[in-house]
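Peer 1: So I've got this file, coords-v8.cif, and it contains mmCIF, C-alpha atoms and all ligand atoms:
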```cif
data_start
#
loop_
_atom_site.label_atom_id
_atom_site.label_comp_id
_atom_site.auth_asym_id
_atom_site.auth_seq_id
_atom_site.Cartn_x
_atom_site.Cartn_y
_atom_site.Cartn_z
CA MET R 291 17.09 -35.38 -44.78
CA SER R 292 20.45 -33.98 -45.97
CA SER R 293 20.47 -30.34 -47.05
CA ASP R 294 21.17 -31.47 -50.67
CA ASP R 295 18.02 -33.63 -50.55
CA ALA R 296 16.05 -30.76 -49.00
CA PHE R 297 17.06 -28.41 -51.84
CA ALA R 298 16.27 -31.09 -54.44
CA THR R 299 12.80 -31.56 -52.89
CA PHE R 300 12.31 -27.80 -52.81
CA LYS R 301 13.17 -27.56 -56.52
CA GLU R 302 10.79 -30.41 -57.35
CA GLY R 303 8.09 -28.35 -55.62
CA GLN R 304 9.05 -25.36 -57.77
CA ARG R 305 8.89 -27.49 -60.91
CA GLN R 306 5.37 -28.68 -60.02
CA GLY R 307 4.25 -25.19 -58.98
CA TRP R 308 5.33 -23.43 -62.17
CA LYS R 309 3.96 -25.88 -64.70
CA HIS R 310 0.68 -23.97 -65.17
CA PHE R 311 2.39 -20.59 -65.72
CA ALA R 312 1.98 -20.43 -69.54
CA PRO R 313 -1.09 -18.10 -69.61
CA LEU R 314 0.89 -15.50 -67.64
CA GLU R 315 3.29 -15.14 -70.58
CA MET R 316 0.84 -12.51 -71.89
CA MET R 317 1.83 -10.36 -68.89
CA THR R 318 5.56 -11.02 -69.02
CA THR R 319 5.88 -10.52 -72.79
CA PRO R 320 6.03 -6.68 -72.66
CA VAL R 321 8.53 -6.83 -69.78
CA ALA R 322 10.74 -9.05 -71.95
CA ALA R 323 11.00 -6.35 -74.62
CA ARG R 324 12.03 -3.81 -71.99
CA LEU R 325 14.58 -6.13 -70.41
CA VAL R 326 16.18 -6.96 -73.75
CA LYS R 327 16.47 -3.23 -74.50
CA PHE R 328 17.71 -2.41 -70.98
CA ALA R 329 20.44 -5.05 -71.31
CA GLY R 330 21.59 -3.61 -74.67
CA VAL R 331 21.19 -6.91 -76.52
CA ARG R 332 22.65 -6.76 -80.03
CA ALA R 333 22.80 -9.05 -83.05
CA GLY R 334 25.45 -11.70 -82.60
CA HIS R 335 25.48 -11.65 -78.79
CA ALA R 336 25.69 -15.07 -77.18
CA LEU R 337 22.89 -14.83 -74.63
CA LEU R 338 21.52 -17.00 -71.83
CA ASP R 339 17.97 -16.58 -70.50
CA VAL R 340 17.81 -18.16 -67.04
CA GLY R 341 14.38 -19.34 -65.86
CA CYS R 342 13.20 -18.76 -69.41
CA GLY R 343 9.72 -20.22 -68.85
CA THR R 344 7.78 -20.07 -72.12
CA GLY R 345 10.63 -18.19 -73.81
CA VAL R 346 9.40 -14.60 -73.82
CA VAL R 347 12.85 -13.06 -73.20
CA ALA R 348 14.70 -15.68 -75.22
CA ILE R 349 12.50 -15.21 -78.29
CA THR R 350 12.61 -11.41 -78.07
CA ALA R 351 16.42 -11.51 -77.90
CA ALA R 352 16.59 -13.98 -80.79
CA ARG R 353 14.37 -11.69 -82.88
CA ASN R 354 17.03 -9.02 -82.21
CA GLY R 355 19.65 -11.32 -83.75
CA ALA R 356 21.20 -12.79 -80.57
CA GLN R 357 22.32 -16.43 -80.39
CA VAL R 358 20.07 -17.53 -77.58
CA HIS R 359 20.14 -20.33 -75.02
CA GLY R 360 17.28 -20.71 -72.57
CA LEU R 361 17.28 -22.78 -69.41
CA ASP R 362 14.43 -23.65 -67.09
CA LEU R 363 13.50 -26.14 -64.41
CA THR R 364 10.00 -26.85 -65.76
CA PRO R 365 9.63 -29.11 -68.83
CA GLU R 366 6.00 -28.10 -69.49
CA LEU R 367 7.10 -24.48 -69.96
CA LEU R 368 10.02 -25.49 -72.18
CA ASP R 369 7.57 -27.34 -74.44
CA ARG R 370 5.58 -24.13 -74.76
CA ALA R 371 8.83 -22.17 -75.38
CA ARG R 372 9.67 -24.56 -78.25
CA GLU R 373 6.23 -24.00 -79.73
CA ASN R 374 6.53 -20.21 -79.31
CA ALA R 375 9.96 -20.26 -81.02
CA ARG R 376 8.61 -22.34 -83.88
CA ILE R 377 5.74 -19.90 -84.40
CA ALA R 378 8.07 -16.87 -84.15
CA ASN R 379 10.43 -18.61 -86.57
CA VAL R 380 13.52 -18.19 -84.40
CA LYS R 381 16.16 -20.73 -83.32
CA LEU R 382 16.77 -21.28 -79.61
CA ASP R 383 18.81 -23.78 -77.68
CA LEU R 384 16.42 -24.72 -74.84
CA ARG R 385 17.48 -26.91 -71.94
CA GLU R 386 15.93 -28.28 -68.83
CA GLY R 387 18.20 -27.37 -65.94
CA ASP R 388 18.87 -25.51 -62.75
CA VAL R 389 20.40 -22.04 -62.43
CA GLU R 390 22.36 -23.37 -59.46
CA ALA R 391 24.25 -25.77 -61.80
CA LEU R 392 24.42 -24.25 -65.27
CA PRO R 393 25.47 -26.71 -67.99
CA PHE R 394 27.67 -24.16 -69.83
CA ASP R 395 31.37 -23.34 -69.95
CA ASP R 396 32.99 -20.46 -68.10
CA GLY R 397 32.70 -17.21 -70.06
CA ALA R 398 30.35 -18.69 -72.68
CA PHE R 399 27.99 -15.68 -72.90
CA ASP R 400 28.07 -11.94 -73.68
CA VAL R 401 24.76 -11.46 -71.87
CA VAL R 402 23.01 -13.38 -69.07
CA LEU R 403 19.40 -12.38 -68.38
CA SER R 404 16.73 -13.51 -65.98
CA GLN R 405 13.19 -12.23 -65.90
CA PHE R 406 11.51 -13.22 -62.62
CA GLY R 407 13.49 -16.48 -62.89
CA HIS R 408 16.74 -16.79 -60.93
CA MET R 409 15.03 -15.10 -57.96
CA PHE R 410 13.28 -18.45 -57.31
CA ALA R 411 16.51 -20.40 -56.85
CA PRO R 412 16.83 -21.25 -53.16
CA ARG R 413 20.44 -20.06 -52.75
CA PRO R 414 21.10 -16.60 -54.24
CA ASP R 415 24.87 -16.92 -53.79
CA VAL R 416 24.98 -20.20 -55.74
CA ALA R 417 22.68 -18.93 -58.53
CA LEU R 418 24.57 -15.67 -58.93
CA ALA R 419 27.99 -17.36 -58.88
CA GLU R 420 26.80 -19.59 -61.72
CA MET R 421 25.35 -16.72 -63.76
CA LEU R 422 28.61 -14.78 -63.41
CA ARG R 423 30.75 -17.83 -64.12
CA VAL R 424 29.19 -18.38 -67.54
CA LEU R 425 29.42 -14.66 -68.40
CA LYS R 426 32.48 -13.25 -70.23
CA PRO R 427 34.49 -10.54 -68.43
CA GLY R 428 32.90 -7.26 -69.57
CA GLY R 429 29.63 -9.07 -70.34
CA THR R 430 26.23 -7.90 -69.11
CA ILE R 431 24.11 -9.47 -66.43
CA ALA R 432 20.58 -8.07 -66.17
CA PHE R 433 17.41 -9.17 -64.44
CA ALA R 434 13.88 -8.24 -63.47
CA THR R 435 12.74 -8.95 -59.91
CA TRP R 436 9.84 -8.17 -57.56
CA PRO R 437 10.50 -5.68 -54.74
CA PRO R 438 9.54 -6.96 -51.27
CA GLU R 439 7.49 -3.89 -50.30
CA LEU R 440 5.14 -3.87 -53.32
CA LEU R 441 2.26 -6.12 -54.38
CA ILE R 442 4.07 -9.25 -55.53
CA GLY R 443 6.62 -9.04 -52.69
CA SER R 444 3.77 -8.72 -50.17
CA THR R 445 2.04 -11.66 -51.84
CA PHE R 446 5.12 -13.85 -51.24
CA ALA R 447 5.14 -12.78 -47.58
CA LEU R 448 1.45 -13.66 -47.22
CA VAL R 449 1.88 -17.01 -48.99
CA GLY R 450 4.80 -17.71 -46.61
CA LYS R 451 2.46 -17.34 -43.62
CA TYR R 452 0.16 -20.07 -44.95
CA MET R 453 2.75 -22.60 -46.17
CA PRO R 454 5.16 -24.83 -44.24
CA PRO R 455 8.54 -23.10 -43.87
CA PRO R 456 11.08 -23.83 -46.64
CA PRO R 457 14.24 -25.78 -45.75
CA PRO R 458 16.91 -23.85 -43.84
CA GLY R 459 19.08 -21.77 -46.17
CA VAL R 460 16.32 -20.87 -48.66
CA SER R 461 16.21 -17.10 -49.22
CA PRO R 462 12.92 -15.30 -49.83
CA PRO R 463 12.70 -14.50 -53.58
CA PRO R 464 11.77 -10.79 -53.17
CA GLN R 465 15.12 -10.05 -51.48
CA TRP R 466 16.25 -9.87 -55.11
CA GLY R 467 14.01 -6.82 -55.49
CA ASP R 468 15.79 -4.83 -52.77
CA VAL R 469 18.48 -2.58 -54.29
CA GLY R 470 20.62 -2.74 -51.13
CA VAL R 471 20.59 -6.54 -51.12
CA VAL R 472 21.25 -6.70 -54.86
CA ARG R 473 24.25 -4.36 -54.56
CA GLU R 474 25.64 -6.41 -51.72
CA ARG R 475 25.15 -9.70 -53.57
CA LEU R 476 26.78 -8.41 -56.76
CA GLY R 477 29.63 -6.92 -54.71
CA THR R 478 32.94 -6.31 -56.43
CA ARG R 479 32.43 -8.98 -59.08
CA VAL R 480 30.64 -6.40 -61.25
CA LYS R 481 30.84 -2.71 -62.12
CA ASP R 482 28.50 -0.07 -63.56
CA ILE R 483 25.37 -1.21 -61.70
CA VAL R 484 22.21 0.47 -63.03
CA PHE R 485 18.73 0.10 -61.52
CA ASP R 486 15.42 1.00 -63.08
CA ARG R 487 11.77 0.43 -62.24
CA ALA R 488 8.76 -0.22 -64.39
CA CYS R 489 5.21 -1.43 -64.06
CA MET R 490 3.33 -4.44 -65.37
CA LEU R 491 -0.40 -3.73 -65.68
CA VAL R 492 -2.59 -6.79 -65.38
CA PRO R 493 -6.20 -6.49 -66.64
CA ALA R 494 -8.74 -7.71 -64.07
CA LEU R 495 -12.49 -7.39 -63.63
CA SER R 496 -12.18 -7.34 -59.85
CA VAL R 497 -9.69 -8.13 -57.11
CA GLN R 498 -11.32 -11.56 -56.85
CA ASN R 499 -10.99 -12.20 -60.59
CA TYR R 500 -7.32 -11.27 -60.37
CA ARG R 501 -6.84 -13.69 -57.44
CA ASP R 502 -8.71 -16.44 -59.27
CA TYR R 503 -6.43 -15.98 -62.30
CA LEU R 504 -3.29 -16.21 -60.16
CA GLU R 505 -4.58 -19.20 -58.21
CA ARG R 506 -4.71 -21.11 -61.50
CA THR R 507 -1.38 -19.94 -62.96
CA ALA R 508 1.17 -18.50 -60.49
CA GLY R 509 3.27 -21.17 -58.71
CA PRO R 510 3.24 -19.86 -55.13
CA MET R 511 -0.53 -19.02 -55.14
CA LEU R 512 -1.35 -22.30 -56.77
CA LYS R 513 0.53 -24.21 -54.08
CA VAL R 514 -1.32 -22.51 -51.19
CA VAL R 515 -4.67 -23.35 -52.74
CA GLU R 516 -3.59 -26.91 -53.50
CA SER R 517 -2.39 -27.51 -49.95
CA LEU R 518 -5.36 -25.92 -48.11
CA THR R 519 -8.33 -26.88 -50.31
CA THR R 520 -8.85 -30.25 -48.64
CA SER R 521 -6.68 -29.96 -45.52
CA ASP R 522 -8.09 -26.70 -44.13
CA PRO R 523 -10.78 -24.91 -46.15
CA ALA R 524 -11.36 -22.36 -43.36
CA ARG R 525 -7.71 -21.37 -43.48
CA LEU R 526 -7.92 -21.10 -47.26
CA ALA R 527 -10.89 -18.73 -46.87
CA GLN R 528 -8.79 -16.70 -44.43
CA PHE R 529 -5.89 -16.60 -46.90
CA ARG R 530 -8.21 -15.41 -49.66
CA ALA R 531 -9.71 -12.70 -47.45
CA GLU R 532 -6.24 -11.45 -46.48
CA TYR R 533 -5.15 -11.48 -50.10
CA ASP R 534 -8.23 -9.60 -51.25
CA ALA R 535 -7.44 -6.92 -48.67
CA LEU R 536 -3.88 -6.59 -49.99
CA VAL R 537 -4.69 -5.82 -53.62
CA PRO R 538 -7.05 -2.77 -53.63
CA PRO R 539 -4.31 -0.10 -53.33
CA TYR R 540 -2.86 -1.49 -56.58
CA PHE R 541 -6.19 -1.88 -58.44
CA GLU R 542 -7.57 0.95 -60.54
CA ASP R 543 -9.44 1.20 -63.86
CA ASN R 544 -9.60 -2.61 -64.18
CA LEU R 545 -5.82 -2.88 -64.01
CA VAL R 546 -3.61 -4.28 -61.26
CA ARG R 547 -0.27 -2.52 -60.91
CA GLN R 548 2.70 -4.85 -60.43
CA ASP R 549 5.86 -2.77 -60.20
CA TYR R 550 9.23 -4.43 -60.66
CA LEU R 551 12.93 -3.66 -60.43
CA PHE R 552 15.46 -3.93 -63.26
CA THR R 553 19.15 -4.43 -62.49
CA ARG R 554 22.02 -4.31 -64.97
CA ALA R 555 25.77 -4.64 -64.39
CA ALA R 556 28.97 -5.50 -66.22
CA LYS R 557 31.14 -8.39 -65.07
CA VAL R 558 34.59 -7.23 -63.99
C1 LIG K 601 7.69 -16.37 -62.87
S1 LIG K 601 8.26 -17.59 -63.98
C2 LIG K 601 9.09 -16.54 -65.19
C3 LIG K 601 9.21 -17.16 -66.55
C4 LIG K 601 9.73 -16.24 -67.65
N1 LIG K 601 11.07 -15.79 -67.41
C5 LIG K 601 8.82 -15.07 -67.89
O1 LIG K 601 9.20 -13.94 -67.54
O2 LIG K 601 7.72 -15.28 -68.40
C6 LIG K 601 9.60 -18.30 -63.05
C7 LIG K 601 10.40 -19.34 -63.82
O3 LIG K 601 11.58 -19.67 -63.11
C8 LIG K 601 11.79 -21.07 -63.26
N2 LIG K 601 12.67 -21.53 -62.17
C9 LIG K 601 12.39 -21.59 -60.85
N3 LIG K 601 13.44 -22.06 -60.18
C10 LIG K 601 14.42 -22.30 -61.09
C11 LIG K 601 15.75 -22.83 -61.02
N4 LIG K 601 16.29 -23.20 -59.85
N5 LIG K 601 16.47 -22.95 -62.17
C12 LIG K 601 15.92 -22.61 -63.37
N6 LIG K 601 14.66 -22.12 -63.49
C13 LIG K 601 13.92 -21.97 -62.38
C14 LIG K 601 10.38 -21.65 -63.25
O4 LIG K 601 10.33 -22.95 -63.79
C15 LIG K 601 9.63 -20.61 -64.07
O5 LIG K 601 9.67 -20.91 -65.44
#
```
Now, as a test, write the supplied structure out as structure tokens.

Peer 2:
Amino acid sequence: MSSDDAFATFKEGQRQGWKHFAPLEMMTTPVAARLVKFAGVRAGHALLDVGCGTGVVAITAARNGAQVHGLDLTPELLDRARENARIANVKLDLREGDVEALPFDDGAFDVVLSQFGHMFAPRPDVALAEMLRVLKPGGTIAFATWPPELLIGSTFALVGKYMPPPPPGVSPPPQWGDVGVVRERLGTRVKDIVFDRACMLVPALSVQNYRDYLERTAGPMLKVVESLTTSDPARLAQFRAEYDALVPPYFEDNLVRQDYLFTRAAKV
């Protein structure tokens, strides 16, 4: 298989994996408000939300008066985003597409955002080059990502142990949550880099309830369960046991703590 075909197959897997994500919008909605504020979104800004999912960032920015475009790989989530925009009574331009090949002109946007979105593109250099290409000089790029050493980053590492390896050249998503890596990737193409951290609190009745919820909604977890349920139930049981041992340090008062990183920079 050529590497182009391998990346296309990988993205098809992503598209299938994320299609049940909609219920998790309740968790990402508060983050969206913080990201929009962190990025300094103002009325009149031309804004792109990359990996927009059900539109939580896009709609929040549009409510602040921005002219918003949202792009995502997964049509099921875009349908939900259209419905959310209709209910919120805001106008969005929503497109199915890939952050590695953005269908927009150079310098089209004042602000390019991604909330737990572009980090899932297989090639960080390609995704970032595209996000910066469509941004005006002086414009703001800002994103939320999961640090590798915390709960969601560790979850990706665990999932990786139980799934076939991705094609060569695919970077682990949580590298985008490492400030050193982010600085290096942004390099000299940006200035005024600012990092911040915040916490998403997910209500859960137990560690097992939390896992059950993610197994039905979160792409990577869903794929492990799908692949092992019939092929290797014993291995699935082992995965679940390992996962249940990972969560307790983050679980208190019926809330699971999912800390994330914010990055903001201005294009040179
Ligand atoms: C964790 S969800 C986040 C959705 C939304 N931003 C939010 O915060 O609720 C990840 C999203 O990234 C999208 N995605 C993954 N790979 C992508 C790619 N290569 N190009 C565009 N979107 C992608 C998925 O379809 C999914 O909607």

Peer 1: Excluding R:Thr478 and its own-chain neighbours fewer than 3 positions away, which residues fall within 12 Å of it when counting only C-alpha atoms? Please give them as a PyMOL selection string.

Peer 2: chain R and resi 422+472-475+481-483+555-558

Peer 1: List all protein, DNA and RNA residues that have at least one atom no more than 9 Å from any atom of ligand LIG 601 (chain K), counting all atoms listed in the file, and write them as a VMD selection string.

Peer 2: chain R and resid 301 304 to 309 311 to 312 314 to 319 321 to 322 339 to 348 361 to 368 386 to 392 404 to 413 417 434 508 to 509

Peer 1: For atom CA of R:Ala524 and atom CA of R:Leu440, quote the distance in Å rounded to one decimal.

Peer 2: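 If I compute the distance from atom CA of R:Ala524 to atom CA of R:Leu440, I get 26.7 Å.
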
Peer 1: Mind checking which residues fall within 8 Å of R:Ala329, counting only C-alpha atoms, ignoring those fewer than 2 positions away in the same chain, and posting them as a list of chain:residue names?

Peer 2: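 Close residues of R:Ala329: R:Leu325, R:Val326, R:Lys327, R:Val331, R:Val401, R:Leu403, R:Thr430, R:Ile431, R:Ala432, R:Arg554.
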
Peer 1: How far is it from atom CA of R:Pro458 to atom CA of R:Gly303, in Å with one decimal?

Peer 2: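 It comes out at 15.4 Å.
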
Peer 1: In Å, rounded to a single decimal, give me how far atom CA of R:Ser461 is from atom CA of R:Leu518.

Peer 2: 23.3 Å

Peer 1: Which residue, R:Gly470, R:Gly397, R:Pro414, R:Pro455, has the smallest gap to R:Lys426 when you use all atoms listed in the file?

Peer 2: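 Checking each of R:Gly470, R:Gly397, R:Pro414, R:Pro455 against R:Lys426, counting all atoms listed in the file, the winner is R:Gly397.
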
Peer 1: Would you mind listing what lies within 9 Å of R:Gly334 as a list in words, with only C-alpha atoms counted and same-chain residues fewer than 4 positions away left out?

Peer 2: Asn354, Gly355, Ala356 and Gln357 of chain R

Peer 1: Given the choices R:Pro463, R:Tyr500, R:Leu425, R:Leu545, which gets closest to R:Ser444 if the distance is worked out from only C-alpha atoms?

Peer 2: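 Going through R:Pro463, R:Tyr500, R:Leu425, R:Leu545 one by one, the smallest distance to R:Ser444 is for R:Pro463.
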
Peer 1: Can you pull out every residue within 6 Å of stretch 375-385 of chain R, counting all atoms listed in the file, but drop anything in the same chain fewer than 5 positions away, and send it as a list in words?

Peer 2: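 That gives Val358, His359, Gly360 and Leu361 of chain R.
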
Peer 1: Between R:Gln465, R:Thr519, R:Asn544, R:Thr435, which one has atoms that come closest to R:Gln498, using all atoms listed in the file?

Peer 2: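 Smallest separation from R:Gln498 among the options: R:Asn544.
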
Peer 1: Excluding R:Glu532 and its own-chain neighbours fewer than 6 positions away, which residues fall within 12 Å of it when counting only C-alpha atoms? Please give them as number ranges by chain.

Peer 2: R: 444-445, 447-449, 451-452, 497-498, 501, 525-526, 538

Peer 1: Using all atoms listed in the file, I'd like a table of the residues in stretch 414-517 of chain R that come within 10 Å of stretch 295-299 of chain R; for each, show the closest atom pair and its distance in Å rounded to one decimal, ordered by chain and ascending number, as a Markdown table.

Peer 2:
```
| residue | atom | partner | partner_atom | distance |
| --- | --- | --- | --- | --- |
| R:Pro456 | CA | R:Ala296 | CA | 8.8 |
| R:Pro457 | CA | R:Ala296 | CA | 6.2 |
| R:Pro458 | CA | R:Ala296 | CA | 8.7 |
| R:Gly459 | CA | R:Phe297 | CA | 9.0 |
| R:Val460 | CA | R:Phe297 | CA | 8.2 |
```

Peer 1: Some atoms are missing, so please complete stretch 412-440 of chain R with N, CA and C atoms and return it as a PDB file, keeping the file's coordinate frame.

Peer 2:
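What follows is the written file out-v9.pdb:
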```
ATOM      1  N   PRO R 412      16.809 -21.361 -54.623  1.00  0.00           N
ATOM      2  CA  PRO R 412      16.830 -21.250 -53.160  1.00  0.00           C
ATOM      3  C   PRO R 412      18.039 -20.512 -52.607  1.00  0.00           C
ATOM      4  N   ARG R 413      19.202 -20.633 -53.298  1.00  0.00           N
ATOM      5  CA  ARG R 413      20.440 -20.060 -52.750  1.00  0.00           C
ATOM      6  C   ARG R 413      20.970 -18.971 -53.690  1.00  0.00           C
ATOM      7  N   PRO R 414      20.700 -17.700 -53.356  1.00  0.00           N
ATOM      8  CA  PRO R 414      21.100 -16.600 -54.240  1.00  0.00           C
ATOM      9  C   PRO R 414      22.592 -16.603 -54.559  1.00  0.00           C
ATOM     10  N   ASP R 415      23.422 -16.957 -53.550  1.00  0.00           N
ATOM     11  CA  ASP R 415      24.870 -16.920 -53.790  1.00  0.00           C
ATOM     12  C   ASP R 415      25.263 -17.960 -54.841  1.00  0.00           C
ATOM     13  N   VAL R 416      24.638 -19.126 -54.789  1.00  0.00           N
ATOM     14  CA  VAL R 416      24.980 -20.200 -55.740  1.00  0.00           C
ATOM     15  C   VAL R 416      24.486 -19.811 -57.145  1.00  0.00           C
ATOM     16  N   ALA R 417      23.243 -19.310 -57.220  1.00  0.00           N
ATOM     17  CA  ALA R 417      22.680 -18.930 -58.530  1.00  0.00           C
ATOM     18  C   ALA R 417      23.510 -17.820 -59.163  1.00  0.00           C
ATOM     19  N   LEU R 418      23.829 -16.803 -58.373  1.00  0.00           N
ATOM     20  CA  LEU R 418      24.570 -15.670 -58.930  1.00  0.00           C
ATOM     21  C   LEU R 418      25.987 -16.084 -59.338  1.00  0.00           C
ATOM     22  N   ALA R 419      26.632 -16.903 -58.533  1.00  0.00           N
ATOM     23  CA  ALA R 419      27.990 -17.360 -58.880  1.00  0.00           C
ATOM     24  C   ALA R 419      27.955 -18.078 -60.226  1.00  0.00           C
ATOM     25  N   GLU R 420      26.924 -18.880 -60.451  1.00  0.00           N
ATOM     26  CA  GLU R 420      26.800 -19.590 -61.720  1.00  0.00           C
ATOM     27  C   GLU R 420      26.552 -18.629 -62.878  1.00  0.00           C
ATOM     28  N   MET R 421      25.665 -17.667 -62.672  1.00  0.00           N
ATOM     29  CA  MET R 421      25.350 -16.720 -63.760  1.00  0.00           C
ATOM     30  C   MET R 421      26.595 -15.904 -64.124  1.00  0.00           C
ATOM     31  N   LEU R 422      27.400 -15.556 -63.127  1.00  0.00           N
ATOM     32  CA  LEU R 422      28.610 -14.780 -63.410  1.00  0.00           C
ATOM     33  C   LEU R 422      29.714 -15.667 -63.997  1.00  0.00           C
ATOM     34  N   ARG R 423      29.729 -16.919 -63.588  1.00  0.00           N
ATOM     35  CA  ARG R 423      30.750 -17.830 -64.120  1.00  0.00           C
ATOM     36  C   ARG R 423      30.617 -17.985 -65.635  1.00  0.00           C
ATOM     37  N   VAL R 424      29.378 -18.113 -66.107  1.00  0.00           N
ATOM     38  CA  VAL R 424      29.190 -18.380 -67.540  1.00  0.00           C
ATOM     39  C   VAL R 424      29.236 -17.095 -68.382  1.00  0.00           C
ATOM     40  N   LEU R 425      29.373 -15.948 -67.702  1.00  0.00           N
ATOM     41  CA  LEU R 425      29.420 -14.660 -68.400  1.00  0.00           C
ATOM     42  C   LEU R 425      30.884 -14.297 -68.690  1.00  0.00           C
ATOM     43  N   LYS R 426      31.120 -13.704 -69.892  1.00  0.00           N
ATOM     44  CA  LYS R 426      32.480 -13.250 -70.230  1.00  0.00           C
ATOM     45  C   LYS R 426      32.846 -12.035 -69.373  1.00  0.00           C
ATOM     46  N   PRO R 427      34.104 -11.811 -69.054  1.00  0.00           N
ATOM     47  CA  PRO R 427      34.490 -10.540 -68.430  1.00  0.00           C
ATOM     48  C   PRO R 427      34.036  -9.393 -69.342  1.00  0.00           C
ATOM     49  N   GLY R 428      33.430  -8.377 -68.773  1.00  0.00           N
ATOM     50  CA  GLY R 428      32.900  -7.260 -69.570  1.00  0.00           C
ATOM     51  C   GLY R 428      31.478  -7.502 -70.051  1.00  0.00           C
ATOM     52  N   GLY R 429      30.996  -8.733 -69.901  1.00  0.00           N
ATOM     53  CA  GLY R 429      29.630  -9.070 -70.340  1.00  0.00           C
ATOM     54  C   GLY R 429      28.584  -8.490 -69.399  1.00  0.00           C
ATOM     55  N   THR R 430      27.332  -8.524 -69.864  1.00  0.00           N
ATOM     56  CA  THR R 430      26.230  -7.900 -69.110  1.00  0.00           C
ATOM     57  C   THR R 430      25.362  -8.942 -68.432  1.00  0.00           C
ATOM     58  N   ILE R 431      25.129  -8.698 -67.139  1.00  0.00           N
ATOM     59  CA  ILE R 431      24.110  -9.470 -66.430  1.00  0.00           C
ATOM     60  C   ILE R 431      22.955  -8.508 -66.168  1.00  0.00           C
ATOM     61  N   ALA R 432      21.735  -8.944 -66.418  1.00  0.00           N
ATOM     62  CA  ALA R 432      20.580  -8.070 -66.170  1.00  0.00           C
ATOM     63  C   ALA R 432      19.384  -8.927 -65.790  1.00  0.00           C
ATOM     64  N   PHE R 433      18.576  -8.394 -64.863  1.00  0.00           N
ATOM     65  CA  PHE R 433      17.410  -9.170 -64.440  1.00  0.00           C
ATOM     66  C   PHE R 433      16.275  -8.287 -63.964  1.00  0.00           C
ATOM     67  N   ALA R 434      15.082  -8.874 -64.011  1.00  0.00           N
ATOM     68  CA  ALA R 434      13.880  -8.240 -63.470  1.00  0.00           C
ATOM     69  C   ALA R 434      13.451  -9.024 -62.239  1.00  0.00           C
ATOM     70  N   THR R 435      13.099  -8.293 -61.177  1.00  0.00           N
ATOM     71  CA  THR R 435      12.740  -8.950 -59.910  1.00  0.00           C
ATOM     72  C   THR R 435      11.619  -8.164 -59.224  1.00  0.00           C
ATOM     73  N   TRP R 436      10.966  -8.809 -58.266  1.00  0.00           N
ATOM     74  CA  TRP R 436       9.840  -8.170 -57.560  1.00  0.00           C
ATOM     75  C   TRP R 436      10.309  -7.583 -56.236  1.00  0.00           C
ATOM     76  N   PRO R 437      10.111  -6.295 -56.015  1.00  0.00           N
ATOM     77  CA  PRO R 437      10.500  -5.680 -54.740  1.00  0.00           C
ATOM     78  C   PRO R 437       9.654  -6.199 -53.570  1.00  0.00           C
ATOM     79  N   PRO R 438      10.267  -6.364 -52.394  1.00  0.00           N
ATOM     80  CA  PRO R 438       9.540  -6.960 -51.270  1.00  0.00           C
ATOM     81  C   PRO R 438       8.384  -6.104 -50.772  1.00  0.00           C
ATOM     82  N   GLU R 439       8.479  -4.765 -50.935  1.00  0.00           N
ATOM     83  CA  GLU R 439       7.490  -3.890 -50.300  1.00  0.00           C
ATOM     84  C   GLU R 439       6.258  -3.642 -51.175  1.00  0.00           C
ATOM     85  N   LEU R 440       6.266  -4.139 -52.416  1.00  0.00           N
ATOM     86  CA  LEU R 440       5.140  -3.870 -53.320  1.00  0.00           C
ATOM     87  C   LEU R 440       4.248  -5.124 -53.442  1.00  0.00           C
TER      88      LEU R 440
END
```
